[in-house]
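Q: Please read through the structure below; I'll follow up with questions.
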Amino acid sequence: MIDFSVPAELAARRDRIRQWVDEEIVPYERDPRLTAHGPNDDLRQELVGKAREAGLLTIQAPREFGGWGLGHIEQAVLYEAAGWSTLGPVAMNCAAPDEGNMYLLGRIAGPRQIEEFLRPVIDGAQRSVFAMTEPDGAGSDPRQLTTTATYDGSEFRIDGRKWLITGANGARTWIIMADLQENPHLPAGPTLFLADGGTPGIVIERVMNSMDRNYVEGHCVVRFENLTLPREALLGEAGAAFRYAQLRLAPARLTHAMRWLGAAVRAQGIAVEHAKHRTSFGRPIAEHQGVSFKLADNEIALHQCRLAILHTAWLLDQGEKARHESSMTKAFVSEQLFQVLDRCVQVLGGIGITEETPIAMFFRDIRGFRLYDGPTEVHQYAIARRILGGPR
């Protein structure tokens, strides 16, 4: 039998993080440096400094890098607490895309790459990006990759265009996916490369305007123009990018769900309190079924989402790949939490679409969760192929 009870030490850590986020980070939700493109780097650095002082920076890192060496269930409990504010994971350096990039680099980067590209991200000194999605190519189907890499035996040259590259503006650790062309030196095919964001040939065309604003410096359109990298820039094995992407995505889908659960729980609490005190037709609106049933549906959804997350986290802790389980959990949780936020807006009425509470901000931001790391429909398609016995 799976025991999902929270041990006392883990509960104490959870409560400490929740209190810290509520007292120290929530006030920054009205900071002007939380811009239409997300928190700017100046705000991020200030928040990271607070987490460092509190001993809460990059807690997910292995112990040898100064982290807590968390298992997936421990992450689920603590990330929910961090997600009480969308700025909580930013402060604690466990937000996307850095959290997923750190996970990947920790498993496939070489010793020199770890020192140059991973350790500064773990320390909070620099940010990272995962550059895969393209305007006319790779996205939900990475096989449509159009960015190319050529290799002459000593250097790679990368050319192509990407978009929706989260946090690209000002990031220094770049993981780039490109299609390595046939050559006599290395296997061809989709390949990952590491580059410093200041390398000539990496061109930030613009920051895209988007409805969400929870990721540092927003989402960018990027061009690689004769980007020249040394042999040491190869990340992992040539031609193995799809396998590495799956290695990154399975836990990253889950940690998205963990963080967003925290924001949804907070929104539910705000809606409950509003329903207790707001009156209509002579009594609190909580006494009207139209409101109370929405709050009940929310409580059911939050409970089911937490169970789904914990079950998949348990599988990962048992050493299971859990690729399909993480896909199902991501699809389910993203849809359910969006409905939770939608019902919270409805319960608050007109005030729900204003900035008087964080619910409007959460609602805008969480809409993107149904798209991050694969839209729900792509997960449904993959799940359907699996249960129907089709190609995977």
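Chain labels run A, B, ... following the order of the structure tokens; each chain numbers its residues from 1, and ligands are numbered from 1 in the order shown.
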Please list as a list in words every residue within 10 Å of Arg206 of chain A, counting only C-alpha atoms and excluding residues in the same chain fewer than 6 positions away.
A: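 My list of contacting residues is Trp163, Ala168, Asn169, His219, Cys220, Val221, Val222 and Arg223 of chain A.
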Q: Under the rule of at most 9 Å, produce a per-residue listing of segment 211-287 of chain A near segment 175-182 of chain A: chain, number, name, the closest pair of atoms, and the distance in Å, as CSV, using only C-alpha atoms.
A:
```
residue,atom,partner,partner_atom,distance
A:Leu235,CA,A:Ile175,CA,8.2
A:Ala238,CA,A:Leu180,CA,7.7
A:Gly239,CA,A:Leu180,CA,7.1
A:Ala241,CA,A:Met177,CA,6.9
```
Q: Would you list, as a PyMOL selection string, the residues of segment 183-295 of chain A that end up in strand (DSSP E or B) under DSSP run on this structure's backbone?
A: chain A and resi 189-196+202-208+219-230+234-235+279-280+283-284
Q: Could you jot down the atom CA of Trp174 of chain A to atom CA of Gly124 of chain A separation for me, Å, one decimal place?
A: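 According to the coordinates, atom CA of Trp174 of chain A and atom CA of Gly124 of chain A are separated by 15.0 Å.
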Q: Near segment 30-36 of chain A, within 12 Å and counting only C-alpha atoms, which residues show up once chain neighbours fewer than 2 positions away are dropped, as a VMD selection string?
A: chain A and resid 25 to 28 38 to 47 85 to 87 90 207 to 219 355 to 358 361 364 to 365
Q: List the spatial neighbours of segment 225-234 of chain A as a count of residues only - criterion: any atom at most 6 Å away, only C-alpha atoms, same-chain residues fewer than 4 positions off excluded.
A: 9
Q: Find the residue from A:Arg112, A:Arg253, A:Arg143, A:Arg127 that sits nearest to Ser326 of chain A; use only C-alpha atoms when measuring.
A: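 Under the stated criterion, the closest residue is A:Arg253.
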Q: So, with only C-alpha atoms as the atoms that count, which of A:Ala384, A:Leu249, A:Ala301, A:Ile59 lies closest to Lys321 of chain A?
A: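 Closest residue, counting only C-alpha atoms: A:Leu249.
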Q: So, counting only C-alpha atoms, which residue among A:Tyr372, A:Trp314, A:Ser327, A:Cys305 is closest to Gln339 of chain A?
A: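 Of A:Tyr372, A:Trp314, A:Ser327, A:Cys305, the one nearest Gln339 of chain A is A:Cys305, counting only C-alpha atoms.
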Q: From the set A:Leu118, A:Ala61, A:Leu192, A:Leu254, which residue has the shortest atom-to-atom contact distance to Leu316 of chain A, counting only C-alpha atoms?
A: A:Leu254
Q: Compile the contact shell of segment 66-75 of chain A as a CSV table (one decimal) with N, CA and C atoms, in the first residue's frame: residues with an atom at most 10 Å away, counting only C-alpha atoms, same-chain residues fewer than 3 positions apart removed.
A:
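Just written: selection.csv:
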```
chain,number,residue,atom,x,y,z
A,4,PHE,N,0.9,8.0,1.5
A,4,PHE,CA,1.2,9.4,1.1
A,4,PHE,C,1.1,10.4,2.3
A,6,VAL,N,2.4,12.7,5.2
A,6,VAL,CA,3.6,13.6,5.1
A,6,VAL,C,4.4,13.5,6.5
A,7,PRO,N,5.6,13.0,6.4
A,7,PRO,CA,6.4,12.9,7.7
A,7,PRO,C,6.5,14.3,8.3
A,10,LEU,N,9.2,16.7,7.0
A,10,LEU,CA,8.8,17.3,5.7
A,10,LEU,C,7.7,18.3,5.9
A,11,ALA,N,6.8,18.0,6.7
A,11,ALA,CA,5.7,18.9,7.0
A,11,ALA,C,6.2,20.2,7.6
A,13,ARG,N,9.2,21.5,7.0
A,13,ARG,CA,9.8,22.2,5.9
A,13,ARG,C,8.8,22.9,5.0
A,14,ARG,N,7.7,22.1,4.8
A,14,ARG,CA,6.6,22.7,4.0
A,14,ARG,C,6.0,23.9,4.6
A,55,GLY,N,18.2,30.3,3.3
A,55,GLY,CA,18.6,28.9,3.2
A,55,GLY,C,17.6,28.1,2.3
A,56,LEU,N,16.9,28.7,1.4
A,56,LEU,CA,15.9,28.1,0.6
A,56,LEU,C,16.2,28.1,-0.9
A,57,LEU,N,17.4,28.4,-1.2
A,57,LEU,CA,17.8,28.5,-2.7
A,57,LEU,C,18.1,27.1,-3.3
A,58,THR,N,17.4,26.8,-4.4
A,58,THR,CA,17.7,25.6,-5.2
A,58,THR,C,17.7,24.4,-4.3
A,59,ILE,N,16.7,24.2,-3.5
A,59,ILE,CA,16.6,23.1,-2.5
A,59,ILE,C,16.5,21.8,-3.3
A,60,GLN,N,16.1,21.7,-4.5
A,60,GLN,CA,16.0,20.5,-5.3
A,60,GLN,C,17.4,20.0,-5.8
A,61,ALA,N,18.4,20.8,-5.7
A,61,ALA,CA,19.7,20.3,-6.1
A,61,ALA,C,20.3,19.2,-5.3
A,62,PRO,N,21.1,18.3,-5.9
A,62,PRO,CA,21.8,17.3,-5.1
A,62,PRO,C,22.6,17.8,-4.0
A,63,ARG,N,22.8,17.0,-3.0
A,63,ARG,CA,23.5,17.5,-1.8
A,63,ARG,C,24.9,18.0,-2.1
A,78,LEU,N,6.9,20.3,-1.2
A,78,LEU,CA,7.6,21.5,-1.0
A,78,LEU,C,7.3,22.5,-2.1
A,79,TYR,N,7.2,22.0,-3.4
A,79,TYR,CA,6.9,22.9,-4.5
A,79,TYR,C,5.5,23.5,-4.4
A,80,GLU,N,4.6,22.7,-3.9
A,80,GLU,CA,3.2,23.2,-3.7
A,80,GLU,C,3.3,24.4,-2.7
A,81,ALA,N,4.1,24.3,-1.7
A,81,ALA,CA,4.2,25.4,-0.8
A,81,ALA,C,4.9,26.6,-1.4
A,82,ALA,N,5.9,26.3,-2.2
A,82,ALA,CA,6.6,27.4,-3.0
A,82,ALA,C,5.7,28.1,-3.9
A,94,CYS,N,13.5,27.3,-8.4
A,94,CYS,CA,13.0,26.0,-8.8
A,94,CYS,C,11.8,26.2,-9.8
A,122,ILE,N,22.6,26.6,-10.6
A,122,ILE,CA,22.3,26.2,-9.3
A,122,ILE,C,22.6,27.2,-8.2
A,123,ASP,N,23.6,28.0,-8.4
A,123,ASP,CA,24.0,29.0,-7.4
A,123,ASP,C,23.1,30.3,-7.6
A,251,PRO,N,9.9,14.5,-15.6
A,251,PRO,CA,9.8,15.2,-14.3
A,251,PRO,C,9.3,16.6,-14.4
A,254,LEU,N,5.7,17.2,-14.3
A,254,LEU,CA,5.2,17.0,-12.9
A,254,LEU,C,5.5,18.1,-12.0
A,255,THR,N,6.7,18.7,-12.2
A,255,THR,CA,7.0,19.9,-11.3
A,255,THR,C,6.2,21.1,-11.7
A,258,MET,N,3.1,20.5,-9.7
A,258,MET,CA,3.3,20.8,-8.2
A,258,MET,C,3.2,22.2,-7.9
A,259,ARG,N,3.9,23.1,-8.7
A,259,ARG,CA,3.9,24.5,-8.4
A,259,ARG,C,2.6,25.1,-8.6
A,309,ILE,N,-0.5,13.8,-8.6
A,309,ILE,CA,0.9,14.2,-8.5
A,309,ILE,C,1.7,13.3,-7.7
A,310,LEU,N,1.2,13.0,-6.5
A,310,LEU,CA,1.9,12.2,-5.5
A,310,LEU,C,2.1,10.8,-6.1
A,311,HIS,N,1.1,10.2,-6.8
A,311,HIS,CA,1.3,8.9,-7.3
A,311,HIS,C,2.4,8.8,-8.4
A,312,THR,N,2.4,9.8,-9.3
A,312,THR,CA,3.4,9.8,-10.3
A,312,THR,C,4.8,10.1,-9.7
A,313,ALA,N,4.8,11.0,-8.7
A,313,ALA,CA,6.1,11.2,-8.0
A,313,ALA,C,6.6,9.9,-7.3
A,314,TRP,N,5.7,9.2,-6.7
A,314,TRP,CA,6.0,7.9,-6.1
A,314,TRP,C,6.6,7.0,-7.1
A,315,LEU,N,6.0,6.9,-8.3
A,315,LEU,CA,6.6,6.0,-9.3
A,315,LEU,C,8.0,6.4,-9.7
A,316,LEU,N,8.2,7.7,-9.9
A,316,LEU,CA,9.6,8.2,-10.2
A,316,LEU,C,10.6,7.9,-9.1
A,317,ASP,N,10.1,8.0,-7.8
A,317,ASP,CA,11.0,7.7,-6.7
A,317,ASP,C,11.3,6.2,-6.7
A,318,GLN,N,10.4,5.4,-7.2
A,318,GLN,CA,10.7,3.9,-7.3
A,318,GLN,C,11.6,3.6,-8.5
```
